[in-house]
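Read the structure below first, then the notes.
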Amino acid sequence: MIPAQFDYLAPTTIDEALAALAEHGDDAKILAGGQSLLPVLRMRLNAPEMVIDLNKIPELRGVRDDGDHLVIGAMTRHSDIAKDPQVGEHAALLQKAVHHLADEQIRHRGTFGGALAHADPAGDMGAPALALGCEFVIAGRDGVRNVAADDFFVDLFETAIGEDEILTAVRVPKHTGWGAHYEKFVRVAHQWPIVAVAAAVKVDGGTITEARVGLTNMGSTPLRARAVEDALRGQPATEDAVREAASRAAEGANPPSDLNGDAEYRAHLATVLTRRAVLTAAGV
């Protein structure tokens, strides 16, 4: 299907993009990598009068070191995250997850910030970003604000980004030396996950000192498996201890029921995948 007619603007600075967004308001849509927006336009599920393309704003791209954080520009391609040595060293969980995201073509076009702003609960980047405690840098006409990951994902396809705001970067706390793994269950390759688990684990002398676990497609937003994290802390990095903690993975979750599986099936699957993800991240 062919999209409805729209005007197109490609600003070269964040201020120009914000001015265009303020001018066109609800009639405008932001274009990042386009992997989510373009299918919506083609199916005419949305028909904006103006599309504002962020691809010509260089300051929105790249990974830089900022002390105890990495700062990843919102327009950084998934493929760049997959091969960036800083991400591999300090935020390995993001690299583990991005290799599971769709296929290489999409990873070369899709953007980190675009995927997070789209806020699909079955998207592969939300749970890792939540688990790592990322901060989202959001710019508006009144200035810049940082939003914690716990407050960023509001509901299904809804985030803390205002109608007149743009996500410009994501601040990722360094988890240097932590083990990481992303365990994803699909029926066919490159599918949205039926359930996936993002795990980052710190082990010292055979004991799990810290653990952070995120769940994909277990509710209307990405979720933290806090009961699992609490149960793992201070436990030996053994299969029995991890299995016991992982049994709590679905606590507080509200998994959907659809053609790929009902809520009960997803709840069970979450415990299995959490055990696998934590064991791998802990090097057991």
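Here's how to read the names in the structure tokens: chain A, B, ... by the order shown, residue numbers from 1 in each chain, ligand numbers from 1 in the order shown.
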Next item on the list: Could you give me the residues within range 17-202 of chain A that DSSP places in strand (DSSP E or B), as a PyMOL selection string?
Entry: chain A and resi 28-31+50-53+63-66+69-73+77+111+135-140+143-148+153-155+158-159+166-173+179-185+195-202
* To do: Any chance you could list, as a list in words, the residues in range 240-274 of chain A that come up alpha helix (DSSP H) when DSSP is run on the backbone?
  =>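 The alpha helix (DSSP H) residues within range 240-274 of chain A come out as Asp240, Ala241, Val242, Arg243, Glu244, Ala245, Ala246, Ala263, Glu264, Tyr265, Arg266, Ala267, His268, Leu269, Ala270, Thr271, Val272, Leu273 and Thr274 of chain A.
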Any chance you can output those residues with C-alpha atoms as a PDB file, in the first residue's frame?
```pdb
ATOM      1  CA  ASP A 240      20.445 -24.926  42.035  1.00  0.00           C
ATOM      2  CA  ALA A 241      20.593 -21.390  43.427  1.00  0.00           C
ATOM      3  CA  VAL A 242      19.839 -19.840  40.046  1.00  0.00           C
ATOM      4  CA  ARG A 243      16.967 -22.239  39.389  1.00  0.00           C
ATOM      5  CA  GLU A 244      15.376 -21.327  42.711  1.00  0.00           C
ATOM      6  CA  ALA A 245      15.690 -17.594  42.035  1.00  0.00           C
ATOM      7  CA  ALA A 246      14.472 -17.914  38.435  1.00  0.00           C
ATOM      8  CA  ALA A 263      -0.267 -15.888  29.717  1.00  0.00           C
ATOM      9  CA  GLU A 264       0.362 -19.098  31.668  1.00  0.00           C
ATOM     10  CA  TYR A 265       2.683 -20.404  28.959  1.00  0.00           C
ATOM     11  CA  ARG A 266       4.639 -17.145  28.911  1.00  0.00           C
ATOM     12  CA  ALA A 267       4.942 -17.131  32.694  1.00  0.00           C
ATOM     13  CA  HIS A 268       6.464 -20.612  32.619  1.00  0.00           C
ATOM     14  CA  LEU A 269       8.695 -19.688  29.697  1.00  0.00           C
ATOM     15  CA  ALA A 270      10.003 -16.661  31.605  1.00  0.00           C
ATOM     16  CA  THR A 271      11.270 -18.885  34.424  1.00  0.00           C
ATOM     17  CA  VAL A 272      13.042 -21.203  31.986  1.00  0.00           C
ATOM     18  CA  LEU A 273      14.656 -18.394  30.004  1.00  0.00           C
ATOM     19  CA  THR A 274      15.659 -16.512  33.150  1.00  0.00           C
TER      20      THR A 274
END
```
task: Pick out the residues sitting within 6 Å of Arg212 in chain A, and hand them over as a list of chain:residue names; count only C-alpha atoms, and ignore anything fewer than 6 positions along from it in its own chain.
output: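 Listing them by chain and then by number gives A:Ala131, A:Ala199, A:Ala200, A:Glu229.
Nearest to Pro222 in chain A of all the residues A:Arg42, A:Arg61, A:Asp150, A:Gln235 is A:Asp150, counting only C-alpha atoms.
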### Task
Would you kindly return, as an MDAnalysis selection string, each protein, DNA or RNA residue with an atom no farther than 10 Å from any atom of Val186 in chain A, considering only C-alpha atoms and excluding same-chain residues fewer than 3 positions away?
chainID A and resid 189:196 260
Counting only C-alpha atoms, what is within 12 Å of Ile138 in chain A, bar same-chain residues fewer than 2 positions away, as an MDAnalysis selection string? chainID A and resid 14 18 60 73:74 113 117 135:136 140:148 152 159:171
Take the residues from that selection and write them out as a short mmCIF file (atom, residue, chain, number, x, y, z; two decimals), in the first residue's frame, keeping N, CA and C atoms.
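Contents of again-v1.cif, freshly written:
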```
data_model
loop_
_atom_site.label_atom_id
_atom_site.label_comp_id
_atom_site.auth_asym_id
_atom_site.auth_seq_id
_atom_site.Cartn_x
_atom_site.Cartn_y
_atom_site.Cartn_z
N ILE A 14 19.39 19.88 16.37
CA ILE A 14 18.30 19.52 17.28
C ILE A 14 17.33 20.69 17.42
N LEU A 18 13.32 20.60 16.84
CA LEU A 18 12.34 20.97 17.87
C LEU A 18 11.42 22.08 17.38
N LEU A 60 23.39 13.48 17.00
CA LEU A 60 22.53 12.43 17.54
C LEU A 60 23.13 11.03 17.33
N GLY A 73 24.13 8.13 21.28
CA GLY A 73 23.20 9.00 20.57
C GLY A 73 21.98 8.24 20.10
N ALA A 74 20.85 8.91 20.13
CA ALA A 74 19.59 8.24 19.79
C ALA A 74 19.57 7.71 18.37
N GLY A 113 17.80 4.68 19.63
CA GLY A 113 16.79 5.55 20.22
C GLY A 113 15.42 5.37 19.61
N ALA A 117 12.13 4.60 21.74
CA ALA A 117 11.02 5.54 21.72
C ALA A 117 9.74 4.89 21.22
N GLU A 135 19.52 6.06 31.56
CA GLU A 135 18.84 7.34 31.65
C GLU A 135 18.61 7.86 30.24
N PHE A 136 17.42 8.41 30.02
CA PHE A 136 17.03 8.88 28.69
C PHE A 136 17.09 10.40 28.65
N GLY A 140 13.54 19.40 24.73
CA GLY A 140 12.34 20.13 24.34
C GLY A 140 12.66 21.60 24.20
N ARG A 141 11.68 22.40 23.84
CA ARG A 141 11.92 23.83 23.67
C ARG A 141 12.32 24.50 24.98
N ASP A 142 11.96 23.90 26.12
CA ASP A 142 12.28 24.48 27.43
C ASP A 142 13.58 23.95 28.01
N GLY A 143 14.28 23.10 27.28
CA GLY A 143 15.54 22.57 27.78
C GLY A 143 15.63 21.07 27.70
N VAL A 144 16.60 20.51 28.42
CA VAL A 144 16.88 19.07 28.39
C VAL A 144 16.60 18.48 29.76
N ARG A 145 16.02 17.29 29.77
CA ARG A 145 15.79 16.59 31.03
C ARG A 145 16.20 15.13 30.88
N ASN A 146 16.61 14.55 32.00
CA ASN A 146 16.97 13.14 32.03
C ASN A 146 15.87 12.35 32.73
N VAL A 147 15.48 11.24 32.13
CA VAL A 147 14.42 10.41 32.69
C VAL A 147 14.99 9.02 32.95
N ALA A 148 14.83 8.52 34.16
CA ALA A 148 15.30 7.19 34.51
C ALA A 148 14.51 6.13 33.75
N PHE A 152 10.63 5.81 32.19
CA PHE A 152 10.55 6.11 30.75
C PHE A 152 9.44 5.35 30.06
N THR A 159 5.77 6.37 26.03
CA THR A 159 6.94 6.69 26.85
C THR A 159 6.76 8.07 27.49
N ALA A 160 7.79 8.47 28.23
CA ALA A 160 7.78 9.79 28.88
C ALA A 160 8.12 10.92 27.92
N ILE A 161 8.40 10.63 26.66
CA ILE A 161 8.70 11.68 25.68
C ILE A 161 7.42 12.46 25.37
N GLY A 162 7.46 13.77 25.56
CA GLY A 162 6.30 14.60 25.28
C GLY A 162 6.09 14.80 23.79
N GLU A 163 4.92 15.31 23.43
CA GLU A 163 4.59 15.52 22.02
C GLU A 163 5.53 16.51 21.35
N ASP A 164 6.10 17.42 22.14
CA ASP A 164 6.98 18.45 21.58
C ASP A 164 8.44 18.19 21.94
N GLU A 165 8.79 16.93 22.24
CA GLU A 165 10.14 16.58 22.68
C GLU A 165 10.75 15.52 21.77
N ILE A 166 12.09 15.41 21.87
CA ILE A 166 12.83 14.43 21.08
C ILE A 166 13.82 13.72 22.00
N LEU A 167 13.89 12.41 21.88
CA LEU A 167 14.93 11.64 22.57
C LEU A 167 16.25 11.88 21.83
N THR A 168 17.24 12.40 22.54
CA THR A 168 18.51 12.72 21.88
C THR A 168 19.63 11.73 22.20
N ALA A 169 19.60 11.12 23.38
CA ALA A 169 20.68 10.21 23.76
C ALA A 169 20.21 9.31 24.90
N VAL A 170 20.97 8.26 25.13
CA VAL A 170 20.74 7.35 26.25
C VAL A 170 22.04 7.23 27.03
N ARG A 171 21.97 7.51 28.33
CA ARG A 171 23.12 7.38 29.20
C ARG A 171 23.09 5.98 29.83
#
```
